[in-house]
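Student: Quick one: the structure is below, questions incoming.
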Amino acid sequence: MHVNKTRYIAAALLAGCVFISVGGLSYGDVTVEDYRRADRFRRELDKLVYTGDVNPRWIERTNNFWYRNYIPGGKEFVLVDADRRSKSPAFDHERLAAALSNLTGKKYTAITLPFDDISFEVKKNLVKFVVEGYEYTCDLKTYAVTKGEQLQPPPRRRSRRRTGQSRSPDGKWLALVRDHNVFIRSTDTGEERQLSRDGNAERTYAEVFEWAPDSTKLAVYYETPGRLTEVYLIESSPKDQMRPQMTARPYALPGDVLDVRRPCVLYVDGRPPVKIHERWVENAFQVTDIQWASDSMFFTFRYQQRGEQLARLFRVNALSGEVKTVLEEKADTFIDRYNLYVRSVAEGSKIIWSSERDGWRHLYLFDALTGELVNEITKGPWVVRGIEHVDEKTQHIYFRAGGREPGQDPYNLHFYRIRFDGTGLESLTEGNGSHAVSFSPDRTYYVDSFSRVDMPPLAVLKRTSDRSLVMELETADIRDLLAEGWRMPEPFVAKGRDGMTDIYGVIYRPSHFDAAKSYPVIENIYAGPHGSFVPKTFRAGRGDQALAELGFIVVQIDGMGTANRSRAFHDVAWKNVGDAGFPDRIKWMQAAAAEYPSMDISRVGIYGTSAGGQSSTGALLFHPQFYKVAVSSCGCHDNRMDKATWNEQWMGYPVGPHYEAQSNVTNAHNLIGKLLLIVGEMDTNVPPQSTLQVVDALIKAEKDFDLLFLPGAGHTSGGDYGERRRRDYFVRHLLGEAPPDWNALQESN
């Protein structure tokens, strides 16, 4: 590369940089090579983990599956026959590569085949794959390869709204909404019938259909639109014109008048619709989960009241519209609808319902007619994390949970099964790690893959009936990864604000780490109460590991207020999102620094995106004695300026003074430290005005800060450019060193 030394020296002096070396591509104290190494750690190291990604793809309705293995120099496809306990290449890789090379005129080898996905047609002994948009077929008897037609991309969905099943169970009718009303169309003749006639722009039928099992009727939602705030976006640099372009769209903010919907029943024979009275859905935030009884006479639906402290399950008579309350759940804080589960079983006579009534999220069985508790299905100081499968024939529930295995990280996912009556609890997964499970179509077998951040993946095949080991599949090979100097992340546990509760996090160190040296600490924060966020599974190429390569120790922590622990742990977030677990995070880092003096907690930075953008700015506003530098991307800086669906869940309704008290806008005058705000002008998730209102407040308070405004960008951290600017900011303000002069570098190329 040609180097203009005079131009580099002048640019470096003007930038106030300390110039070190031109020939070595160094333009300050941290070199371009340091950044390149960081990029390599972010993007390329996953390629050095071999045989570590077993993602079983079961073949049709058999007990055979295939998976893709990454190996040195390429990949291979592996076929497993569970019944025969055999593992072999999915096909002759060399023959297929030769045939494909002959057909396309391009050179492929056994381990560099140009596709990652395959599909088998077992009866025809064929394997199919896609190359450059065309489907190819290989005859596994002759290895003749044929090229098919170009595949068309799937049509874009018109709406993100989840739609129900439009085809009736007997296959005779398709349901649709047109001109705000519901029609059905015969699949045989194309004949159409209009089932509703009162839909209009003010009251419309939603395109969410739940057919009764007998196909004589369907349940739909009749909606009255609310009065929603409009959000405006101005695209400064459209691709198709010079002039800026403005768009407006409804966007429900906390406190807005929301859409109201209520279920109704429409009959195929055209009889009048059966609608429930509006009083049953009064002040609703969510009306959802319509489930029919097997006799098609009743259905249930779930109602969650605005304010998130009351949830009910209603049972509706499809003939009369009579409504009965089956279940009711109340909470002094919030009911987490993100993790609320309801399922009708036993032909609609029983209900499986999740609740945190005993302080932990568990499953309960209720009588669907009387609403009486039949039995508690799961119980104990651990958390049900989701339902994998409900087997009504054997009356088993397959579910995932965390915190039940002694001596393990409580966030590790394990899989279990239990009978409806709460007996026969069995663990399907063994080994200290976080597990992922994939069952065969008939659930005779399952693949269990598990790992930790400090343990490479291991995958085994097991038999479901007795959980016995059928065969070991793969153990990841990370020798080449370690040869690159990659360091294993370290899980770390410390006590939280109360001195009793364990707080879990992870520590990333640079490959050139020297325990005798001192390193600034950067926290990657996301504290949304809807989940937990510290990684629990193995991965080489993480962004935090890459950031550490520039000379930092990077940490990630789950403080109180996040999910997947006890009810009390989660409740810290109630009307208190601004807390973001900071008292726990600070205690954790202080404990880690006491254990590892190389962590210099007099130099602590923090960054985050979205809710993490809110929290990272909040760190400087509310905890400036600890945090010194923040980079905040597309933050929801004021919970009154972000979507109602998320914010009312945790901050409550109606909107009260606590919203303002925790606002970064209201508290912008408290800024101490260095702050970089990043926002995209076309963010449809969090309105960009949320960030710009912080900017306005900072200017009025005469505070110094930095802003990166991204034309045309959506909800983002800024992509590669934003990543580089974030690194530069921490290098300059935490390391006290000069990042490369990128303008001079670009000019030389």
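Chain labels follow the order of the structure tokens: the first chain is A, the next B, and so on; residue numbering restarts at 1 in every chain, and ligands are counted from 1 in their shown order.
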Can you list, as a list in words, every residue of segment 303-532 of chain A that DSSP puts in alpha helix (DSSP H)?

Tutor: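 Those residues are Arg479, Asp480, Leu481, Leu482 and Ala483 of chain A.
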
Student: Neighbours of Val274 of chain A within 8 Å (only C-alpha atoms; same-chain residues fewer than 5 positions away dropped), as a ChimeraX atom specification?

Tutor: /A:264-266,318-321

Student: Under the rule that only C-alpha atoms are counted, which of A:Gln309, A:Glu474, A:Leu103, A:Thr247 is the nearest residue to Lys87 of chain A?

Tutor: A:Glu474

Student: How many Å lie between atom CA of Asp421 of chain A and atom CA of Phe399 of chain A, rounded to one decimal?

Tutor: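 Atom-to-atom, atom CA of Asp421 of chain A and atom CA of Phe399 of chain A are spaced 14.7 Å apart.
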
Student: Restricting the calculation to only C-alpha atoms, which member of A:Pro410, A:Gly52, A:Pro273, A:Pro213 is positioned closest to Asp502 of chain A?

Tutor: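 Among the listed residues, the smallest separation from Asp502 of chain A belongs to A:Pro410.
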
Student: What's around Thr423 of chain A at 10 Å? Count only C-alpha atoms, leave out sequence neighbours fewer than 2 positions away in its own chain, and write the answer as a compact mmCIF listing (two decimals) with C-alpha atoms, in the first residue's frame.

Tutor:
```txt
# COMPACT_ATOMS: atom_id res chain seq x y z
CA GLU A 376 -49.97 -27.91 41.48
CA ILE A 377 -47.97 -29.56 38.71
CA THR A 378 -44.49 -28.18 39.42
CA HIS A 396 -47.09 -35.64 30.23
CA ARG A 417 -41.16 -34.05 31.87
CA ILE A 418 -43.88 -34.45 34.46
CA ARG A 419 -47.40 -35.87 34.60
CA PHE A 420 -50.44 -33.64 34.71
CA ASP A 421 -51.01 -34.67 38.33
CA LEU A 425 -40.87 -35.54 37.47
CA GLU A 426 -37.92 -36.66 35.33
```

Student: Pick out the residues sitting within 6 Å of segment 227-239 of chain A, and hand them over as a compact mmCIF listing (two decimals) with N, CA and C atoms, in the first residue's frame; count only C-alpha atoms, and ignore anything fewer than 6 positions along from it in its own chain.

Tutor:
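Output file part_22.txt is given in full below:
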```txt
# COMPACT_ATOMS: atom_id res chain seq x y z
N GLN A 245 -38.06 13.03 3.23
CA GLN A 245 -39.38 12.40 3.17
C GLN A 245 -39.88 12.16 4.59
N MET A 246 -41.12 12.53 4.85
CA MET A 246 -41.69 12.32 6.18
C MET A 246 -42.73 11.22 6.15
N THR A 247 -42.71 10.39 7.17
CA THR A 247 -43.74 9.36 7.33
C THR A 247 -44.34 9.51 8.72
N ALA A 248 -45.62 9.19 8.82
CA ALA A 248 -46.32 9.22 10.10
C ALA A 248 -47.00 7.88 10.30
N ARG A 249 -47.03 7.42 11.53
CA ARG A 249 -47.69 6.15 11.80
C ARG A 249 -48.20 6.15 13.23
N PRO A 250 -49.30 5.43 13.50
CA PRO A 250 -49.77 5.32 14.88
C PRO A 250 -48.80 4.48 15.70
N TYR A 251 -48.57 4.92 16.90
CA TYR A 251 -47.60 4.25 17.78
C TYR A 251 -48.11 4.45 19.21
N ALA A 252 -48.53 3.37 19.84
CA ALA A 252 -49.15 3.47 21.16
C ALA A 252 -48.10 3.77 22.22
N ASP A 256 -51.91 6.15 26.21
CA ASP A 256 -52.79 6.32 25.06
C ASP A 256 -54.08 5.50 25.23
N VAL A 257 -55.13 5.90 24.51
CA VAL A 257 -56.35 5.11 24.44
C VAL A 257 -56.10 3.98 23.44
N MET A 682 -34.55 6.69 11.33
CA MET A 682 -35.73 5.95 10.90
C MET A 682 -36.05 4.79 11.85
N GLY A 712 -31.10 7.43 7.66
CA GLY A 712 -31.67 6.23 7.05
C GLY A 712 -31.63 5.00 7.92
```

Student: If you measure from atom CA of Tyr222 of chain A to atom CA of Arg337 of chain A, what distance in Å do you get, rounded to one decimal?

Tutor: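 A separation of 21.8 Å between them.
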
Student: Using only C-alpha atoms, determine which residues lie at most 6 Å from Phe450 of chain A, disregarding the query and same-chain residues fewer than 3 positions distant; provide the list as number ranges by chain.

Tutor: A: 433-435, 457-458

Student: Hey, could you make a per-residue contact list for segment 209-323 of chain A against segment 635-650 of chain A with 9 Å as the cut-off, showing the nearest pair of atoms and its distance in Å to one decimal, counting only C-alpha atoms, sorted by chain and number, as a tab-separated table?

Tutor:
```
residue	atom	partner	partner_atom	distance
A:Tyr251	CA	A:Lys643	CA	7.0
A:Ala252	CA	A:Ala644	CA	5.5
A:Leu253	CA	A:Ala644	CA	4.6
A:Pro254	CA	A:Ala644	CA	4.3
A:Gly255	CA	A:Ala644	CA	7.4
A:Asp256	CA	A:Ala644	CA	7.9
A:Phe285	CA	A:Thr645	CA	8.3
A:Arg306	CA	A:Glu648	CA	7.9
A:Gly307	CA	A:Glu648	CA	6.6
A:Glu308	CA	A:Gln649	CA	5.9
```

Student: What is the atom CA of Asp514 of chain A to atom CA of Leu735 of chain A distance in Å?

Tutor: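 Between these atoms lies a distance of 15.7 Å.
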
Student: So which residues of segment 170-246 of chain A fall under strand (DSSP E or B) by DSSP, listed as a ChimeraX atom specification?

Tutor: /A:173-178,181-186,192-194,204-205,210-211,217-224,227,230-235,245-246
